[in-house]
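**Student:** Pasting a structure here, questions to come.
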Amino acid sequence: MAVTDAQNPLLGENTCSSLLNKLQEIWDEVGESDEERDKMLLQIDQECLDVYKRKVEQAAKSRAQLLQSLSDAKLELSSLLSALGEKGITGIPEKTSGTIKEQLAAIAPVLEQLWQQKEERIKEFSDVQSQIRKICGEITGDLNPDQTGSFAVDESDLSLKKLDEYQSQLQELQKEKSERLHKVLEFVSTVHDLCAVLGMDFFSIVTEVHPSLNDSTGVHSKSISNGTLARLSNTVSTLKEDKKQRLYKLQELASQLIDLWNLMDTPQEERRLFDHVTCNMSASVDEVIVPGALALDLIEQAEVEVERLDQLKASRMKEIAFKKQAELEEIFARAHMEIDPEAAREKILSLIDSGDIEPAELLEDMDKQIANAKEEALSRKEILDKVEKWMSACEEESWLEDYNRDENRYNASRGAHLNLKRAEKARILVNKIPALVDTLIAKTRSWEEVHSVSFTYDGVPLLAMLDEYAMLRHEREEEKRRMKDQKKYHEQQNTDQESVLGSRPSPARPLGNKKVVGPRPNGTPNRRLSLNAHQNGSRSTMKDGKRDSTRPVAPLNYVSMSKEDAASHVSGTEPVPTSP
């Protein structure tokens with residue numbers, strides 16, 4: 001109980017002095033010696049010293065840790081400011097003041113703020129760089145969706161300047177992406193239009209270039225890589241070349257169809273079935289935009305039709321050849337060039353029946369003949385026009401001669417004033433005949449020098465016709481002069497007889513004028529050109545081989561006198577009587 005009571009006070013407030021007093025009391029009760037007591041007190045002092053040492057050491061260690069923390073905080077603060085590109089921040093003591101814990105307390109919120117700012121900046125950098133990497137991957141075509149976020153942001157430089165550089169780079173890449181996307185869409189649109197014209201499957205072609213180009217994907221999901229653009233460009237070039245080749249082929253087929261139709265007089269109803277082929281006959285490559293206009297089945301359809309018409313042409317070869325021969329004969333007839341149509345047709349028949357020549361070669365040869373005939377006819381046109389004028393003038397000359405022989409031409413009969421006007425115009429026209437003949441002779445000789453052949457008119461040399469006309473015209477003038485002299489001679493004789501007999505008989509008709517002179521219904525003279533039909537082929541040939549009886553070979557007054565008519569006039573060797 002004593003021990004228990006002694007311990008109870010220990011439960012109260014204990015101090016070193018009270019405890020030492022208590023220990024003295026215990027020692028006194030126990031009877032401890034002084035040596036033991038000294039020894040025990042020495043031990044107590046040593047133990048107290050050890051406790052103080054431990055506490056001092058712990059305090060020093062804690063202070064060192066606080067200083068290290070302060071140093072680390074300052075270093076971290078400096079690193080964060082450097083990484084963020086900040087020169088300074090408010091709330092940080094410029095000089096060391098206050099306790100260590102106060103300094104740490106002052107730096108802690110700043111560090112927390114900078115850490116938060118750093119995390120936000122890292123997120124911004126990460127977002128910008130991820131977009132840059134993504135766009136670069138889209139451009140190069142090396143983008144792997146699983147690796148888009150597998151990269152670390154360089155935390156040594158998180159400044160706003162660096163962020164602006166990345167953002168500028170991102171803007172440039174976004175602009176390039178937009179341009180590439182626009183270019184891709186243009187290529188895709190061009191491919192679509194070309195496929196429509198060519199009748200090709202658009203989706204299979206663009207999907208073969210890249211699966212993302214299908215219309216089912218969004219606009220921003222389409223591939224814009226260098227490889228995709230290159231393949232699209234090649235596809236467009238290939239389709240354009242294909243379009244060019246198909247158009248050329250279709251135009252060739254259309255030209256063949258038109259030639260065959262014209263050759264065989266194909267009706268318009270049958271031709272309209274191929275309007276979709278012939279409508280692009282003269283179109284350029286860029287002008288052909290109708291869907292299916294250059295589809296393969298359309299070209300094959302045109303090829304089949306051309307092949308069918310070729311076979312039909314072979315069966316109708318004779319009809320076609322005779323049609324071309326008729327065209328050739330018509331050209332010769334209009335140009336007044338003589339040919340032997342019967343012989344030409346027999347030759348065509350023999351060539352077709354013998355099979356010695358291909359139908360195409362025969363038609364080509366006839367086309368060449370027609371072209372040559374047209375060229376020759378064109379070279380003769382100027383001379384033929386003047387020949388027509390000459391013949392028309394000669395017809396008027398013949399009418400004028402008959403008109404002048406009519407003694408009743410001045411009577412007030414019906415239509416007399418019209419004949420009088422015609423006579424005035426005819427005299428003007430007749431006066432131009434010599435100059436017209438001279439011009440015609442000069443041009444004919446010039447033509448013959450150039451072509452080294454004689455210029456014939458319905459088989460008669462034109463120069464011979466003109467020379468004979470000039471000779472006959474001269475003879476007719478001489479005849480008129482002799483008749484005029486003879487008339488004067490008879491008038492003189494009648495005057496002398498009147499003076500002797502004292503009476504005046506009625507005037508006598510000229511001896512040479514045995515025929516009744518009056519207007520002829522057709523204004524043609526009684527006498528014809530001395531060249532007969534066997535000598536000059538005096539009528540131009542019609543298409544059926546008959547002679548054209550309405551077209552004279554020479555002028556209607558291109559005549560020579562018969563022997564009977566010549567005997568009725570005074571010859572050039574008969575002496576003209578003189579008045580007594």
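Labeling convention for the structure tokens: chains A, B, ... as they appear, residues from 1 per chain, ligands from 1 in order of appearance.
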Need the shell around Glu305 in chain A: protein/DNA/RNA residues with any atom at most 12 Å away, counting only C-alpha atoms. Skip same-chain ones fewer than 3 positions apart. Format as a PyMOL selection string?
**Tutor:** chain A and resi 253-254+256-258+260-261+270-271+273-274+277+298-302+308-313
**Student:** Report as a ChimeraX atom specification: the residues of range 185-315 of chain A with a DSSP assignment of helix (DSSP H, G or I), based on the backbone of this structure.
**Tutor:** /A:185-198,202-209,211-213,219-221,226-264,268-272,275-278,296-315
**Student:** Could you give me, as a count of residues only, the residues within 9 Å of Leu436 in chain A, counting only C-alpha atoms and dropping anything in the same chain fewer than 4 positions from it?
**Tutor:** 7
**Student:** Report, in Å to a single decimal, how far apart CA of Ser454 in chain A and CA of Ala326 in chain A are.
**Tutor:**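 Spanning CA of Ala326 in chain A to CA of Ser454 in chain A is a straight-line distance of 24.8 Å.
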**Student:** For Thr439 in chain A, which of A:Leu239, A:Ile383, A:Ala83, A:Cys394 is the closest residue, counting only C-alpha atoms?
**Tutor:**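 When distances to Thr439 in chain A are compared using only C-alpha atoms, the smallest one comes from A:Ile383.
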**Student:** Would you please work out which residue, of A:Val128, A:Val184, A:Lys161, A:Leu66, is nearest to Ser221 in chain A when using only C-alpha atoms?
**Tutor:**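 That would be A:Val184, the residue with the smallest distance to Ser221 in chain A.
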**Student:** Could you pull the residues within 10 Å of Asn226 in chain A, counting only C-alpha atoms, minus those fewer than 3 positions along the same chain, as a compact mmCIF listing (two decimals) with all heavy atoms, in the first residue's frame?
**Tutor:**
# COMPACT_ATOMS: atom_id res chain seq x y z
N GLU A 138 -2.46 13.19 -92.25
CA GLU A 138 -3.42 13.17 -93.35
C GLU A 138 -2.75 13.57 -94.67
O GLU A 138 -3.08 13.03 -95.72
CB GLU A 138 -4.57 14.12 -93.05
CG GLU A 138 -5.47 13.65 -91.92
CD GLU A 138 -6.54 14.66 -91.59
OE1 GLU A 138 -6.50 15.77 -92.17
OE2 GLU A 138 -7.42 14.37 -90.76
N ILE A 139 -1.81 14.51 -94.60
CA ILE A 139 -1.13 14.96 -95.82
C ILE A 139 -0.18 13.90 -96.34
O ILE A 139 -0.13 13.62 -97.55
CB ILE A 139 -0.39 16.28 -95.55
CG1 ILE A 139 -1.40 17.41 -95.30
CG2 ILE A 139 0.53 16.64 -96.71
CD1 ILE A 139 -0.78 18.72 -94.90
N THR A 140 0.58 13.29 -95.41
CA THR A 140 1.54 12.27 -95.85
C THR A 140 0.89 10.92 -96.06
O THR A 140 1.45 10.05 -96.72
CB THR A 140 2.67 12.14 -94.82
OG1 THR A 140 2.11 11.79 -93.53
CG2 THR A 140 3.44 13.46 -94.68
N GLY A 141 -0.30 10.73 -95.47
CA GLY A 141 -0.96 9.44 -95.59
C GLY A 141 -0.43 8.40 -94.64
O GLY A 141 -0.77 7.21 -94.78
N ARG A 180 -6.34 21.37 -100.03
CA ARG A 180 -6.26 19.99 -100.53
C ARG A 180 -7.66 19.36 -100.60
O ARG A 180 -7.98 18.65 -101.55
CB ARG A 180 -5.37 19.16 -99.61
CG ARG A 180 -3.88 19.38 -99.82
CD ARG A 180 -3.06 18.69 -98.76
NE ARG A 180 -1.65 18.73 -99.09
CZ ARG A 180 -0.99 17.74 -99.70
NH1 ARG A 180 -1.62 16.64 -100.02
NH2 ARG A 180 0.29 17.85 -99.98
N SER A 223 -9.85 11.50 -97.77
CA SER A 223 -8.39 11.51 -97.77
C SER A 223 -7.86 12.67 -98.59
O SER A 223 -8.35 12.95 -99.69
CB SER A 223 -7.86 10.18 -98.34
OG SER A 223 -6.46 10.23 -98.49
N LEU A 229 -4.12 12.46 -103.92
CA LEU A 229 -4.16 13.51 -104.95
C LEU A 229 -3.48 13.04 -106.23
O LEU A 229 -3.97 13.29 -107.35
CB LEU A 229 -3.49 14.78 -104.43
CG LEU A 229 -4.29 15.59 -103.41
CD1 LEU A 229 -3.45 16.71 -102.85
CD2 LEU A 229 -5.55 16.17 -104.07
N ALA A 230 -2.35 12.34 -106.10
CA ALA A 230 -1.64 11.85 -107.28
C ALA A 230 -2.48 10.82 -108.03
O ALA A 230 -2.59 10.86 -109.27
CB ALA A 230 -0.29 11.25 -106.87
N ARG A 231 -3.12 9.90 -107.29
CA ARG A 231 -3.95 8.89 -107.94
C ARG A 231 -5.19 9.52 -108.58
O ARG A 231 -5.61 9.11 -109.67
CB ARG A 231 -4.35 7.83 -106.93
CG ARG A 231 -3.21 6.90 -106.54
CD ARG A 231 -3.72 5.70 -105.74
NE ARG A 231 -4.27 6.09 -104.45
CZ ARG A 231 -3.56 6.23 -103.35
NH1 ARG A 231 -2.24 6.02 -103.36
NH2 ARG A 231 -4.13 6.59 -102.21
N LEU A 232 -5.77 10.52 -107.90
CA LEU A 232 -6.91 11.22 -108.50
C LEU A 232 -6.52 11.94 -109.78
O LEU A 232 -7.25 11.91 -110.78
CB LEU A 232 -7.49 12.23 -107.50
CG LEU A 232 -8.45 11.68 -106.45
CD1 LEU A 232 -8.81 12.77 -105.45
CD2 LEU A 232 -9.72 11.15 -107.11
**Student:** Please indicate the distance in Å from CA of Lys324 in chain A to CA of Val306 in chain A, rounded to one decimal place.
**Tutor:**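 Going from CA of Lys324 in chain A over to CA of Val306 in chain A covers 20.6 Å.
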**Student:** Could you jot down the CA of Thr238 in chain A to CA of Val191 in chain A separation for me, Å, one decimal place?
**Tutor:** 10.0 Å
**Student:** Any idea what's packed within 12 Å of Ile348 in chain A, counting only C-alpha atoms, ignoring anything in its chain fewer than 6 positions away? Could you give it as a PyMOL selection string?
**Tutor:** chain A and resi 317-325+341-342+354-357+359+362-363+365-366
**Student:** Please produce an output containing N, CA and C atoms for each residue in the selection, written as a PDB file, in the first residue's frame.
**Tutor:**
ATOM      1  N   MET A 317     -24.384  -1.926-154.709  1.00  0.00           N
ATOM      2  CA  MET A 317     -23.234  -1.286-155.335  1.00  0.00           C
ATOM      3  C   MET A 317     -23.562  -0.716-156.710  1.00  0.00           C
ATOM      4  N   LYS A 318     -24.298  -1.486-157.507  1.00  0.00           N
ATOM      5  CA  LYS A 318     -24.603  -1.026-158.864  1.00  0.00           C
ATOM      6  C   LYS A 318     -25.446   0.246-158.819  1.00  0.00           C
ATOM      7  N   GLU A 319     -26.442   0.232-157.958  1.00  0.00           N
ATOM      8  CA  GLU A 319     -27.303   1.411-157.845  1.00  0.00           C
ATOM      9  C   GLU A 319     -26.509   2.637-157.416  1.00  0.00           C
ATOM     10  N   ILE A 320     -25.622   2.436-156.444  1.00  0.00           N
ATOM     11  CA  ILE A 320     -24.817   3.565-155.954  1.00  0.00           C
ATOM     12  C   ILE A 320     -23.853   4.060-157.028  1.00  0.00           C
ATOM     13  N   ALA A 321     -23.215   3.096-157.728  1.00  0.00           N
ATOM     14  CA  ALA A 321     -22.259   3.485-158.771  1.00  0.00           C
ATOM     15  C   ALA A 321     -22.959   4.236-159.900  1.00  0.00           C
ATOM     16  N   PHE A 322     -24.144   3.768-160.296  1.00  0.00           N
ATOM     17  CA  PHE A 322     -24.887   4.455-161.365  1.00  0.00           C
ATOM     18  C   PHE A 322     -25.344   5.839-160.913  1.00  0.00           C
ATOM     19  N   LYS A 323     -25.633   5.957-159.624  1.00  0.00           N
ATOM     20  CA  LYS A 323     -26.005   7.267-159.102  1.00  0.00           C
ATOM     21  C   LYS A 323     -24.834   8.241-159.215  1.00  0.00           C
ATOM     22  N   LYS A 324     -23.646   7.766-158.862  1.00  0.00           N
ATOM     23  CA  LYS A 324     -22.461   8.625-159.001  1.00  0.00           C
ATOM     24  C   LYS A 324     -22.171   8.913-160.476  1.00  0.00           C
ATOM     25  N   GLN A 325     -22.380   7.911-161.345  1.00  0.00           N
ATOM     26  CA  GLN A 325     -22.156   8.131-162.771  1.00  0.00           C
ATOM     27  C   GLN A 325     -23.128   9.183-163.306  1.00  0.00           C
ATOM     28  N   PRO A 341     -21.733   8.019-172.153  1.00  0.00           N
ATOM     29  CA  PRO A 341     -22.331   7.457-170.938  1.00  0.00           C
ATOM     30  C   PRO A 341     -22.548   5.948-171.021  1.00  0.00           C
ATOM     31  N   GLU A 342     -22.911   5.461-172.201  1.00  0.00           N
ATOM     32  CA  GLU A 342     -23.168   4.028-172.330  1.00  0.00           C
ATOM     33  C   GLU A 342     -21.906   3.216-172.057  1.00  0.00           C
ATOM     34  N   SER A 354     -17.156  -8.545-162.335  1.00  0.00           N
ATOM     35  CA  SER A 354     -15.913  -9.325-162.326  1.00  0.00           C
ATOM     36  C   SER A 354     -15.327  -9.449-160.916  1.00  0.00           C
ATOM     37  N   GLY A 355     -15.618  -8.484-160.058  1.00  0.00           N
ATOM     38  CA  GLY A 355     -15.065  -8.515-158.707  1.00  0.00           C
ATOM     39  C   GLY A 355     -13.585  -8.195-158.661  1.00  0.00           C
ATOM     40  N   ASP A 356     -13.041  -7.616-159.732  1.00  0.00           N
ATOM     41  CA  ASP A 356     -11.614  -7.288-159.758  1.00  0.00           C
ATOM     42  C   ASP A 356     -11.281  -6.070-158.901  1.00  0.00           C
ATOM     43  N   ILE A 357     -12.289  -5.338-158.497  1.00  0.00           N
ATOM     44  CA  ILE A 357     -12.049  -4.126-157.724  1.00  0.00           C
ATOM     45  C   ILE A 357     -12.998  -4.112-156.530  1.00  0.00           C
ATOM     46  N   PRO A 359     -15.542  -2.616-153.872  1.00  0.00           N
ATOM     47  CA  PRO A 359     -16.569  -1.563-154.017  1.00  0.00           C
ATOM     48  C   PRO A 359     -16.097  -0.210-153.492  1.00  0.00           C
ATOM     49  N   LEU A 362     -13.837   1.369-156.032  1.00  0.00           N
ATOM     50  CA  LEU A 362     -14.570   1.875-157.187  1.00  0.00           C
ATOM     51  C   LEU A 362     -15.244   3.200-156.865  1.00  0.00           C
ATOM     52  N   LEU A 363     -15.904   3.256-155.702  1.00  0.00           N
ATOM     53  CA  LEU A 363     -16.575   4.505-155.314  1.00  0.00           C
ATOM     54  C   LEU A 363     -15.561   5.616-155.069  1.00  0.00           C
ATOM     55  N   ASP A 365     -12.704   5.923-156.610  1.00  0.00           N
ATOM     56  CA  ASP A 365     -12.257   6.355-157.926  1.00  0.00           C
ATOM     57  C   ASP A 365     -13.305   7.255-158.582  1.00  0.00           C
ATOM     58  N   MET A 366     -14.571   6.900-158.423  1.00  0.00           N
ATOM     59  CA  MET A 366     -15.626   7.737-159.008  1.00  0.00           C
ATOM     60  C   MET A 366     -15.709   9.078-158.306  1.00  0.00           C
TER      61      MET A 366
END
